$ cat input_32.txt   # compact mmCIF, C-alpha atoms and all ligand atoms
# COMPACT_ATOMS: atom_id res chain seq x y z
CA MET A 11 -14.81 54.82 37.69
CA LYS A 12 -17.87 56.88 36.72
CA ARG A 13 -20.14 55.56 34.00
CA LEU A 14 -20.09 57.60 30.81
CA VAL A 15 -23.33 58.36 28.96
CA CYS A 16 -22.90 60.14 25.62
CA ALA A 17 -25.20 61.90 23.20
CA ASN A 18 -23.93 61.66 19.63
CA TRP A 19 -26.08 64.18 17.79
CA LYS A 20 -24.51 63.29 14.43
CA MET A 21 -25.58 65.75 11.68
CA TYR A 22 -28.73 66.89 13.49
CA LYS A 23 -29.83 70.12 15.18
CA VAL A 24 -29.42 73.80 14.45
CA LYS A 25 -29.09 76.45 17.17
CA SER A 26 -32.82 76.82 17.82
CA ASP A 27 -33.07 73.03 18.36
CA VAL A 28 -30.19 73.15 20.83
CA LYS A 29 -31.89 75.98 22.72
CA SER A 30 -35.16 74.10 23.01
CA PHE A 31 -33.30 70.88 23.98
CA PHE A 32 -31.68 72.62 26.95
CA GLU A 33 -34.90 74.38 27.91
CA ARG A 34 -36.39 70.91 28.40
CA TRP A 35 -33.25 69.15 29.69
CA GLU A 36 -33.64 68.36 33.36
CA ARG A 37 -30.66 69.38 35.44
CA TYR A 38 -29.45 67.04 38.08
CA GLU A 39 -26.22 66.53 39.94
CA MET A 40 -24.06 64.10 38.01
CA ILE A 41 -22.61 62.43 41.04
CA ASP A 42 -22.14 58.99 39.61
CA LYS A 43 -21.94 59.62 35.84
CA GLU A 44 -20.32 61.76 33.21
CA ILE A 45 -22.54 63.05 30.43
CA VAL A 46 -20.96 64.12 27.14
CA PHE A 47 -22.65 65.90 24.23
CA PHE A 48 -21.19 65.47 20.74
CA PRO A 49 -22.78 68.12 18.47
CA GLN A 50 -21.70 69.21 14.99
CA PHE A 51 -18.54 71.35 15.04
CA PRO A 52 -20.11 74.80 14.50
CA LEU A 53 -22.43 74.15 17.48
CA LEU A 54 -19.68 73.31 19.96
CA GLU A 55 -19.34 76.65 21.72
CA PHE A 56 -23.10 77.23 21.64
CA VAL A 57 -23.77 73.86 23.30
CA LYS A 58 -20.97 74.53 25.80
CA SER A 59 -22.77 77.67 26.95
CA PHE A 60 -25.67 75.52 28.22
CA LEU A 61 -23.60 72.91 30.08
CA THR A 62 -23.22 72.67 33.82
CA LYS A 63 -20.88 70.70 36.05
CA GLY A 64 -20.68 67.03 35.10
CA GLU A 65 -21.81 67.71 31.53
CA LYS A 66 -18.99 67.71 29.01
CA LEU A 67 -18.46 68.47 25.35
CA GLY A 68 -16.89 66.42 22.58
CA GLY A 69 -16.13 66.61 18.86
CA GLN A 70 -17.41 63.93 16.48
CA ASN A 71 -14.06 63.49 14.73
CA CYS A 72 -10.64 65.07 14.43
CA SER A 73 -7.61 65.13 12.18
CA ASP A 74 -4.41 63.22 12.77
CA LYS A 75 -2.52 66.46 12.04
CA LYS A 76 -2.01 69.45 14.31
CA GLU A 77 -2.56 72.12 11.63
CA GLY A 78 -1.90 72.74 7.96
CA ALA A 79 -3.41 72.94 4.50
CA PHE A 80 -6.09 70.27 5.05
CA THR A 81 -9.36 71.79 3.85
CA GLY A 82 -12.40 70.47 5.66
CA GLU A 83 -10.49 68.79 8.46
CA VAL A 84 -10.72 69.77 12.13
CA SER A 85 -7.76 69.91 14.48
CA PRO A 86 -8.16 68.47 17.98
CA TYR A 87 -6.29 71.54 19.22
CA LEU A 88 -9.20 73.69 18.01
CA LEU A 89 -11.68 71.28 19.60
CA LYS A 90 -9.87 71.76 22.90
CA ASP A 91 -9.89 75.51 22.37
CA CYS A 92 -13.69 75.37 21.84
CA GLY A 93 -14.17 73.70 25.22
CA CYS A 94 -14.11 70.00 24.32
CA ASP A 95 -12.86 67.33 26.69
CA TYR A 96 -13.65 64.38 24.45
CA VAL A 97 -13.53 63.39 20.80
CA LEU A 98 -15.04 60.44 18.93
CA ILE A 99 -12.57 58.58 16.77
CA GLY A 100 -13.34 55.83 14.28
CA HIS A 101 -17.13 56.06 14.44
CA SER A 102 -18.61 53.50 12.06
CA GLU A 103 -20.09 56.25 9.88
CA ARG A 104 -16.58 57.67 9.44
CA ARG A 105 -15.19 54.23 8.65
CA HIS A 106 -17.93 52.99 6.33
CA ILE A 107 -19.44 56.08 4.68
CA PHE A 108 -16.33 58.26 4.55
CA LEU A 109 -13.93 55.34 4.16
CA GLU A 110 -11.52 56.30 6.93
CA LYS A 111 -8.93 53.55 7.17
CA ASN A 112 -8.06 51.76 10.38
CA GLU A 113 -4.39 52.69 9.83
CA ILE A 114 -5.03 56.38 10.53
CA MET A 115 -6.86 55.80 13.83
CA GLY A 116 -3.74 55.50 15.99
CA GLY A 117 -2.44 58.85 14.66
CA LYS A 118 -5.77 60.52 15.35
CA ILE A 119 -5.88 59.16 18.89
CA LEU A 120 -2.32 60.31 19.61
CA ASN A 121 -2.98 63.74 18.14
CA ALA A 122 -6.14 64.08 20.25
CA ILE A 123 -4.26 63.06 23.40
CA ASN A 124 -1.48 65.55 22.66
CA ALA A 125 -4.14 68.24 22.27
CA GLY A 126 -5.46 67.41 25.75
CA LEU A 127 -8.60 65.51 24.71
CA LYS A 128 -9.82 62.09 25.78
CA PRO A 129 -10.60 59.95 22.72
CA LEU A 130 -13.62 57.68 22.64
CA TYR A 131 -12.45 55.10 20.14
CA CYS A 132 -15.28 53.31 18.31
CA VAL A 133 -15.15 49.73 17.08
CA GLY A 134 -17.77 47.37 15.73
CA GLU A 135 -18.49 44.63 13.21
CA LYS A 136 -20.82 44.67 10.19
CA LEU A 137 -23.70 42.22 9.94
CA GLU A 138 -21.97 40.02 7.36
CA GLU A 139 -18.88 39.86 9.57
CA ARG A 140 -20.97 38.78 12.55
CA GLU A 141 -22.77 36.16 10.46
CA ALA A 142 -19.42 34.83 9.24
CA GLY A 143 -18.31 34.40 12.87
CA LYS A 144 -15.68 37.12 12.49
CA THR A 145 -16.84 39.59 15.14
CA ILE A 146 -13.88 39.24 17.48
CA GLU A 147 -11.35 39.11 14.64
CA VAL A 148 -12.75 42.39 13.24
CA ILE A 149 -12.80 44.07 16.65
CA PHE A 150 -9.23 42.95 17.41
CA ASN A 151 -8.05 44.29 14.04
CA GLN A 152 -9.63 47.63 14.92
CA LEU A 153 -8.04 47.51 18.38
CA ASP A 154 -4.64 46.95 16.75
CA ALA A 155 -4.71 50.69 15.95
CA LEU A 156 -4.10 51.20 19.69
CA LYS A 157 -0.67 49.55 19.64
CA GLY A 158 1.89 51.95 21.11
CA LEU A 159 -0.82 53.77 23.10
CA GLU A 160 -0.62 51.50 26.15
CA ASN A 161 0.15 54.37 28.51
CA VAL A 162 -2.44 56.90 27.41
CA GLU A 163 -5.97 57.58 28.61
CA PHE A 164 -8.91 56.89 26.36
CA ASP A 165 -12.24 55.06 26.36
CA ILE A 166 -13.72 52.62 23.87
CA ALA A 167 -17.23 52.33 22.42
CA TYR A 168 -18.39 49.00 21.03
CA GLU A 169 -20.99 49.81 18.38
CA PRO A 170 -22.03 46.86 16.22
CA VAL A 171 -22.70 48.42 12.80
CA TRP A 172 -25.88 46.35 12.33
CA ALA A 173 -27.33 47.89 15.50
CA ILE A 174 -26.72 51.54 14.59
CA GLY A 175 -29.90 53.37 13.66
CA THR A 176 -31.67 50.10 12.88
CA GLY A 177 -33.69 49.57 16.04
CA LYS A 178 -31.87 46.24 16.48
CA VAL A 179 -30.09 46.40 19.80
CA ALA A 180 -27.47 43.80 20.71
CA LYS A 181 -28.62 41.45 23.45
CA LYS A 182 -27.02 42.20 26.78
CA GLU A 183 -25.18 38.84 26.67
CA ASP A 184 -23.83 39.45 23.14
CA ALA A 185 -22.64 42.97 23.98
CA SER A 186 -21.21 41.75 27.27
CA PHE A 187 -19.30 38.95 25.51
CA VAL A 188 -17.61 41.42 23.14
CA HIS A 189 -16.88 43.78 26.04
CA THR A 190 -15.17 40.94 27.88
CA LYS A 191 -13.03 40.20 24.82
CA ILE A 192 -12.10 43.88 24.47
CA LYS A 193 -11.08 44.01 28.12
CA GLU A 194 -9.06 40.80 27.71
CA PHE A 195 -7.29 42.35 24.71
CA LEU A 196 -6.42 45.43 26.78
CA SER A 197 -5.07 43.50 29.74
CA LYS A 198 -3.16 41.02 27.55
CA ASN A 199 -1.52 43.92 25.72
CA ASP A 200 -0.61 45.65 28.95
CA PHE A 201 -2.75 48.76 28.71
CA LYS A 202 -2.00 50.65 31.91
CA LYS A 203 -4.91 53.06 32.38
CA GLU A 204 -8.46 52.28 33.34
CA ILE A 205 -10.42 52.17 30.11
CA ARG A 206 -14.21 52.29 30.01
CA VAL A 207 -15.97 50.23 27.36
CA LEU A 208 -19.31 51.72 26.29
CA TYR A 209 -22.06 50.11 24.23
CA GLY A 210 -23.78 51.92 21.35
CA GLY A 211 -26.41 50.94 18.80
CA SER A 212 -30.18 51.55 19.09
CA VAL A 213 -30.00 52.40 22.78
CA LYS A 214 -33.42 53.59 23.98
CA LYS A 215 -35.02 54.32 27.33
CA GLU A 216 -36.57 50.84 27.17
CA ASN A 217 -33.25 48.94 26.94
CA ALA A 218 -30.71 51.24 28.67
CA ARG A 219 -31.19 49.84 32.15
CA GLU A 220 -30.81 46.24 30.99
CA LEU A 221 -27.58 47.06 29.10
CA LEU A 222 -26.09 49.04 31.97
CA SER A 223 -26.86 46.22 34.38
CA ALA A 224 -24.02 44.21 32.79
CA ASP A 225 -20.99 44.84 34.98
CA ASN A 226 -18.64 45.19 32.01
CA ILE A 227 -20.78 47.75 30.14
CA ASP A 228 -19.33 50.99 31.49
CA GLY A 229 -21.61 53.41 29.69
CA LEU A 230 -23.63 54.14 26.56
CA LEU A 231 -23.10 56.01 23.30
CA VAL A 232 -26.56 57.07 22.17
CA GLY A 233 -27.50 58.36 18.72
CA GLY A 234 -31.14 58.90 17.73
CA ALA A 235 -32.58 58.63 21.24
CA SER A 236 -30.26 61.37 22.52
CA LEU A 237 -31.90 64.00 20.33
CA ASP A 238 -34.88 64.17 22.64
CA PRO A 239 -34.16 65.61 26.10
CA GLU A 240 -36.78 63.57 27.98
CA GLU A 241 -35.69 60.30 26.39
CA PHE A 242 -31.98 61.01 26.89
CA TYR A 243 -32.64 61.98 30.51
CA ARG A 244 -34.43 58.69 31.07
CA ILE A 245 -31.46 56.83 29.57
CA ALA A 246 -28.90 58.79 31.60
CA THR A 247 -30.78 58.16 34.83
CA SER A 248 -31.82 54.59 34.09
CA ILE A 249 -29.38 53.14 36.60
P1 LIG A 301 -28.29 55.01 17.28
O1 LIG A 301 -28.41 55.11 18.77
O2 LIG A 301 -29.15 55.99 16.53
O3 LIG A 301 -28.46 53.59 16.83
O4 LIG A 301 -26.78 55.44 16.92
C1 LIG A 301 -25.74 54.85 17.60
C2 LIG A 301 -24.50 55.59 17.31
O5 LIG A 301 -23.99 55.54 16.20
C3 LIG A 301 -23.93 56.43 18.37
O6 LIG A 301 -22.64 56.85 18.04

$ encode --input "input_32.txt" --output "structure tokens"
Amino acid sequence: MKRLVCANWKMYKVKSDVKSFFERWERYEMIDKEIVFFPQFPLLEFVKSFLTKGEKLGGQNCSDKKEGAFTGEVSPYLLKDCGCDYVLIGHSERRHIFLEKNEIMGGKILNAINAGLKPLYCVGEKLEEREAGKTIEVIFNQLDALKGLENVEFDIAYEPVWAIGTGKVAKKEDASFVHTKIKEFLSKNDFKKEIRVLYGGSVKKENARELLSADNIDGLLVGGASLDPEEFYRIATSI
């Protein structure tokens, strides 16, 4: 299975930034990896116009409904229509800033799958949960949203909330431990497809190689460091 290295551009970049990113983005044959860019919605088709083989596009979120009177929501069917292959679901900023409940995640994932997208489902514990020894309990609760989806194709990103945008990266052993637990959960619950488990949270060119050297870390979801083409290139080619 190819490793997956993702750029989550969050609410950054306008068109001129995208243009200068791709002017400086080094092209290389993605033989052993998939690269996915997750820009803001109005930039999707613009970003798509710069992508070459092996580079894919994803939305940062989607609705659990196909269409309807839901102002401000985005349908995964439109994401597909705009050239997306992937969609992030349950990113910690959606969960904790915009208060999206775990109960709606399963519906979003199913809707995305039905639209022909591959969801990248994000899970992760807050600092106080980690300090209270509840990391695995929290992650398993978030994974419960996947019940009934044992036969569908998706990937998972483990992003400890305390590591996102803080400069505090999880140690390889700590990330690897959680990844093992996630994989145990999937095999115990009879998930049929091969599911990649990515790590995210303060990934930089300095720590990417170390993280990817763990055999159960199947890729990276990169925020801040993906905004710069040279840095993101170094991360994507670190292993
Ligand atoms: P940072 O890499 O900026 O910590 O963000 C991680 C993240 O949230 C990616 O989805």

$ residues_around --input "input_32.txt" --residues "Ala173 (chain A)" --least-positions-apart "3" --cutoff "10 Å" --atoms "only C-alpha atoms" --output "list of chain:residue names"
A:Gly134, A:Glu135, A:Lys136, A:Leu137, A:Glu169, A:Pro170, A:Thr176, A:Gly177, A:Lys178, A:Val179, A:Ala180, A:Gly210, A:Gly211, A:Ser212, A:Val213

$ write_last_selection --input "input_32.txt" --atoms "C-alpha atoms" --output "CSV table (one decimal), in the frame of the given file"
chain,number,residue,atom,x,y,z
A,134,GLY,CA,-17.8,47.4,15.7
A,135,GLU,CA,-18.5,44.6,13.2
A,136,LYS,CA,-20.8,44.7,10.2
A,137,LEU,CA,-23.7,42.2,9.9
A,169,GLU,CA,-21.0,49.8,18.4
A,170,PRO,CA,-22.0,46.9,16.2
A,176,THR,CA,-31.7,50.1,12.9
A,177,GLY,CA,-33.7,49.6,16.0
A,178,LYS,CA,-31.9,46.2,16.5
A,179,VAL,CA,-30.1,46.4,19.8
A,180,ALA,CA,-27.5,43.8,20.7
A,210,GLY,CA,-23.8,51.9,21.4
A,211,GLY,CA,-26.4,50.9,18.8
A,212,SER,CA,-30.2,51.6,19.1
A,213,VAL,CA,-30.0,52.4,22.8

$ residues_near_point --input "input_32.txt" --point "(-7.9, 62.4, 15.7)" --cutoff "7 Å" --atoms "all atoms listed in the file" --output "CSV table (one decimal) with C-alpha atoms, in the coordinates of the input"
chain,number,residue,atom,x,y,z
A,71,ASN,CA,-14.1,63.5,14.7
A,72,CYS,CA,-10.6,65.1,14.4
A,73,SER,CA,-7.6,65.1,12.2
A,74,ASP,CA,-4.4,63.2,12.8
A,86,PRO,CA,-8.2,68.5,18.0
A,99,ILE,CA,-12.6,58.6,16.8
A,115,MET,CA,-6.9,55.8,13.8
A,117,GLY,CA,-2.4,58.8,14.7
A,118,LYS,CA,-5.8,60.5,15.4
A,119,ILE,CA,-5.9,59.2,18.9
A,121,ASN,CA,-3.0,63.7,18.1
A,122,ALA,CA,-6.1,64.1,20.2

$ residues_near_ligand --input "input_32.txt" --ligand "ligand LIG 301 (chain A)" --cutoff "10 Å" --atoms "all atoms listed in the file" --output "NGL selection string"
:A and (16-20 or 48 or 70 or 98 or 101-103 or 132 or 167-179 or 209-214 or 230-237)

$ closest_residue --input "input_32.txt" --among "A:Gly116, A:Pro239, A:Pro52, A:Gly143" --to "Phe164 (chain A)" --atoms "all atoms listed in the file"
A:Gly116

$ closest_residue --input "input_32.txt" --among "A:Glu160, A:Arg206, A:Phe60, A:Ala224" --to "Glu44 (chain A)" --atoms "all atoms listed in the file"
A:Arg206

$ atom_distance --input "input_32.txt" --atom1 "CA of Phe31 (chain A)" --atom2 "CA of Leu88 (chain A)"
25.0 Å

$ residues_near_point --input "input_32.txt" --point "(-2.4, 59.2, 26.3)" --cutoff "8 Å" --atoms "only C-alpha atoms" --output "VMD selection string"
chain A and resid 120 123 to 124 128 159 to 164

$ residues_around --input "input_32.txt" --residues "Ser30 (chain A)" --least-positions-apart "3" --cutoff "12 Å" --atoms "only C-alpha atoms" --output "mmCIF file with C-alpha atoms, keeping the file's coordinate frame"
data_model
loop_
_atom_site.group_PDB
_atom_site.id
_atom_site.type_symbol
_atom_site.label_atom_id
_atom_site.label_comp_id
_atom_site.auth_asym_id
_atom_site.auth_seq_id
_atom_site.Cartn_x
_atom_site.Cartn_y
_atom_site.Cartn_z
ATOM 1 C CA LYS A 23 -29.830 70.120 15.180
ATOM 2 C CA VAL A 24 -29.420 73.800 14.450
ATOM 3 C CA LYS A 25 -29.090 76.450 17.170
ATOM 4 C CA SER A 26 -32.820 76.820 17.820
ATOM 5 C CA ASP A 27 -33.070 73.030 18.360
ATOM 6 C CA GLU A 33 -34.900 74.380 27.910
ATOM 7 C CA ARG A 34 -36.390 70.910 28.400
ATOM 8 C CA TRP A 35 -33.250 69.150 29.690
ATOM 9 C CA GLU A 36 -33.640 68.360 33.360
ATOM 10 C CA VAL A 57 -23.770 73.860 23.300
ATOM 11 C CA PHE A 60 -25.670 75.520 28.220
ATOM 12 C CA LEU A 237 -31.900 64.000 20.330
ATOM 13 C CA ASP A 238 -34.880 64.170 22.640
ATOM 14 C CA PRO A 239 -34.160 65.610 26.100
ATOM 15 C CA GLU A 240 -36.780 63.570 27.980
#

$ atom_distance --input "input_32.txt" --atom1 "CA of Leu208 (chain A)" --atom2 "CA of Ile245 (chain A)"
13.6 Å

$ atom_distance --input "input_32.txt" --atom1 "CA of Glu220 (chain A)" --atom2 "CA of Gly69 (chain A)"
27.9 Å

$ closest_residue --input "input_32.txt" --among "A:Phe187, A:Tyr243, A:Tyr22, A:Phe80" --to "Ile146 (chain A)" --atoms "all atoms listed in the file"
A:Phe187

$ closest_residue --input "input_32.txt" --among "A:Val133, A:Val15, A:Lys144, A:Lys181" --to "His106 (chain A)" --atoms "all atoms listed in the file"
A:Val133

$ closest_residue --input "input_32.txt" --among "A:Val188, A:Lys43, A:Met21, A:Gly93" --to "Ile249 (chain A)" --atoms "all atoms listed in the file"
A:Lys43

$ closest_residue --input "input_32.txt" --among "A:Val207, A:Val84, A:Cys92, A:Leu61" --to "Gly229 (chain A)" --atoms "only C-alpha atoms"
A:Val207

$ build_atoms --input "input_32.txt" --residues "region 196-207 of chain A" --atoms "all heavy atoms" --output "PDB file, in the frame of the given file"
ATOM      1  N   LEU A 196      -7.116  44.306  26.136  1.00  0.00           N
ATOM      2  CA  LEU A 196      -6.420  45.430  26.780  1.00  0.00           C
ATOM      3  C   LEU A 196      -5.482  44.924  27.882  1.00  0.00           C
ATOM      4  O   LEU A 196      -4.347  45.381  27.988  1.00  0.00           O
ATOM      5  CB  LEU A 196      -7.433  46.415  27.371  1.00  0.00           C
ATOM      6  CG  LEU A 196      -8.326  47.130  26.335  1.00  0.00           C
ATOM      7  CD1 LEU A 196      -9.430  47.907  27.030  1.00  0.00           C
ATOM      8  CD2 LEU A 196      -7.512  48.066  25.436  1.00  0.00           C
ATOM      9  N   SER A 197      -5.960  43.940  28.662  1.00  0.00           N
ATOM     10  CA  SER A 197      -5.070  43.500  29.740  1.00  0.00           C
ATOM     11  C   SER A 197      -3.930  42.642  29.185  1.00  0.00           C
ATOM     12  O   SER A 197      -2.796  42.757  29.638  1.00  0.00           O
ATOM     13  CB  SER A 197      -5.834  42.805  30.864  1.00  0.00           C
ATOM     14  OG  SER A 197      -6.393  41.634  30.394  1.00  0.00           O
ATOM     15  N   LYS A 198      -4.212  41.835  28.152  1.00  0.00           N
ATOM     16  CA  LYS A 198      -3.160  41.020  27.550  1.00  0.00           C
ATOM     17  C   LYS A 198      -2.074  41.898  26.925  1.00  0.00           C
ATOM     18  O   LYS A 198      -0.898  41.559  26.926  1.00  0.00           O
ATOM     19  CB  LYS A 198      -3.781  40.129  26.471  1.00  0.00           C
ATOM     20  CG  LYS A 198      -3.174  38.731  26.427  1.00  0.00           C
ATOM     21  CD  LYS A 198      -3.773  37.910  25.326  1.00  0.00           C
ATOM     22  CE  LYS A 198      -5.033  37.181  25.771  1.00  0.00           C
ATOM     23  NZ  LYS A 198      -5.748  36.540  24.674  1.00  0.00           N
ATOM     24  N   ASN A 199      -2.482  43.036  26.380  1.00  0.00           N
ATOM     25  CA  ASN A 199      -1.520  43.920  25.720  1.00  0.00           C
ATOM     26  C   ASN A 199      -0.980  45.004  26.650  1.00  0.00           C
ATOM     27  O   ASN A 199      -0.387  45.982  26.197  1.00  0.00           O
ATOM     28  CB  ASN A 199      -2.129  44.535  24.463  1.00  0.00           C
ATOM     29  CG  ASN A 199      -2.262  43.496  23.365  1.00  0.00           C
ATOM     30  OD1 ASN A 199      -1.296  43.102  22.746  1.00  0.00           O
ATOM     31  ND2 ASN A 199      -3.483  43.008  23.159  1.00  0.00           N
ATOM     32  N   ASP A 200      -1.256  44.809  27.952  1.00  0.00           N
ATOM     33  CA  ASP A 200      -0.610  45.650  28.950  1.00  0.00           C
ATOM     34  C   ASP A 200      -1.015  47.118  28.919  1.00  0.00           C
ATOM     35  O   ASP A 200      -0.168  48.008  29.128  1.00  0.00           O
ATOM     36  CB  ASP A 200       0.925  45.535  28.750  1.00  0.00           C
ATOM     37  CG  ASP A 200       1.610  45.345  30.088  1.00  0.00           C
ATOM     38  OD1 ASP A 200       0.890  45.137  31.074  1.00  0.00           O
ATOM     39  OD2 ASP A 200       2.849  45.440  30.133  1.00  0.00           O
ATOM     40  N   PHE A 201      -2.282  47.372  28.634  1.00  0.00           N
ATOM     41  CA  PHE A 201      -2.750  48.760  28.710  1.00  0.00           C
ATOM     42  C   PHE A 201      -2.811  49.150  30.191  1.00  0.00           C
ATOM     43  O   PHE A 201      -3.352  48.414  31.002  1.00  0.00           O
ATOM     44  CB  PHE A 201      -4.111  48.915  28.018  1.00  0.00           C
ATOM     45  CG  PHE A 201      -3.965  49.011  26.532  1.00  0.00           C
ATOM     46  CD1 PHE A 201      -3.782  47.869  25.765  1.00  0.00           C
ATOM     47  CD2 PHE A 201      -3.943  50.241  25.897  1.00  0.00           C
ATOM     48  CE1 PHE A 201      -3.603  47.945  24.391  1.00  0.00           C
ATOM     49  CE2 PHE A 201      -3.768  50.329  24.523  1.00  0.00           C
ATOM     50  CZ  PHE A 201      -3.598  49.179  23.776  1.00  0.00           C
ATOM     51  N   LYS A 202      -2.235  50.305  30.507  1.00  0.00           N
ATOM     52  CA  LYS A 202      -2.000  50.650  31.910  1.00  0.00           C
ATOM     53  C   LYS A 202      -3.177  51.378  32.560  1.00  0.00           C
ATOM     54  O   LYS A 202      -3.416  51.237  33.742  1.00  0.00           O
ATOM     55  CB  LYS A 202      -0.773  51.562  32.028  1.00  0.00           C
ATOM     56  CG  LYS A 202       0.507  51.003  31.416  1.00  0.00           C
ATOM     57  CD  LYS A 202       1.193  50.053  32.379  1.00  0.00           C
ATOM     58  CE  LYS A 202       2.559  49.591  31.870  1.00  0.00           C
ATOM     59  NZ  LYS A 202       2.532  48.998  30.524  1.00  0.00           N
ATOM     60  N   LYS A 203      -3.876  52.204  31.787  1.00  0.00           N
ATOM     61  CA  LYS A 203      -4.910  53.060  32.380  1.00  0.00           C
ATOM     62  C   LYS A 203      -6.240  52.312  32.442  1.00  0.00           C
ATOM     63  O   LYS A 203      -6.464  51.361  31.712  1.00  0.00           O
ATOM     64  CB  LYS A 203      -5.103  54.314  31.524  1.00  0.00           C
ATOM     65  CG  LYS A 203      -3.835  55.066  31.216  1.00  0.00           C
ATOM     66  CD  LYS A 203      -3.381  55.879  32.395  1.00  0.00           C
ATOM     67  CE  LYS A 203      -2.127  56.640  32.025  1.00  0.00           C
ATOM     68  NZ  LYS A 203      -1.433  57.194  33.159  1.00  0.00           N
ATOM     69  N   GLU A 204      -7.117  52.833  33.297  1.00  0.00           N
ATOM     70  CA  GLU A 204      -8.460  52.280  33.340  1.00  0.00           C
ATOM     71  C   GLU A 204      -9.221  52.754  32.112  1.00  0.00           C
ATOM     72  O   GLU A 204      -9.275  53.961  31.832  1.00  0.00           O
ATOM     73  CB  GLU A 204      -9.175  52.772  34.600  1.00  0.00           C
ATOM     74  CG  GLU A 204      -9.033  51.798  35.753  1.00  0.00           C
ATOM     75  CD  GLU A 204     -10.015  52.122  36.839  1.00  0.00           C
ATOM     76  OE1 GLU A 204     -10.028  53.287  37.281  1.00  0.00           O
ATOM     77  OE2 GLU A 204     -10.762  51.222  37.239  1.00  0.00           O
ATOM     78  N   ILE A 205      -9.748  51.817  31.362  1.00  0.00           N
ATOM     79  CA  ILE A 205     -10.420  52.170  30.110  1.00  0.00           C
ATOM     80  C   ILE A 205     -11.876  51.717  30.200  1.00  0.00           C
ATOM     81  O   ILE A 205     -12.154  50.544  30.465  1.00  0.00           O
ATOM     82  CB  ILE A 205      -9.709  51.481  28.919  1.00  0.00           C
ATOM     83  CG1 ILE A 205      -8.296  52.059  28.788  1.00  0.00           C
ATOM     84  CG2 ILE A 205     -10.505  51.646  27.624  1.00  0.00           C
ATOM     85  CD1 ILE A 205      -7.392  51.298  27.858  1.00  0.00           C
ATOM     86  N   ARG A 206     -12.792  52.670  29.993  1.00  0.00           N
ATOM     87  CA  ARG A 206     -14.210  52.290  30.010  1.00  0.00           C
ATOM     88  C   ARG A 206     -14.603  51.766  28.635  1.00  0.00           C
ATOM     89  O   ARG A 206     -14.135  52.277  27.619  1.00  0.00           O
ATOM     90  CB  ARG A 206     -15.076  53.499  30.368  1.00  0.00           C
ATOM     91  CG  ARG A 206     -14.934  53.913  31.814  1.00  0.00           C
ATOM     92  CD  ARG A 206     -15.644  55.208  32.111  1.00  0.00           C
ATOM     93  NE  ARG A 206     -14.965  56.330  31.513  1.00  0.00           N
ATOM     94  CZ  ARG A 206     -15.177  57.611  31.834  1.00  0.00           C
ATOM     95  NH1 ARG A 206     -16.076  57.906  32.749  1.00  0.00           N
ATOM     96  NH2 ARG A 206     -14.519  58.576  31.248  1.00  0.00           N
ATOM     97  N   VAL A 207     -15.456  50.749  28.634  1.00  0.00           N
ATOM     98  CA  VAL A 207     -15.970  50.230  27.360  1.00  0.00           C
ATOM     99  C   VAL A 207     -17.473  50.463  27.333  1.00  0.00           C
ATOM    100  O   VAL A 207     -18.228  49.907  28.138  1.00  0.00           O
ATOM    101  CB  VAL A 207     -15.628  48.734  27.169  1.00  0.00           C
ATOM    102  CG1 VAL A 207     -16.099  48.265  25.802  1.00  0.00           C
ATOM    103  CG2 VAL A 207     -14.122  48.488  27.313  1.00  0.00           C
TER     104      VAL A 207
END
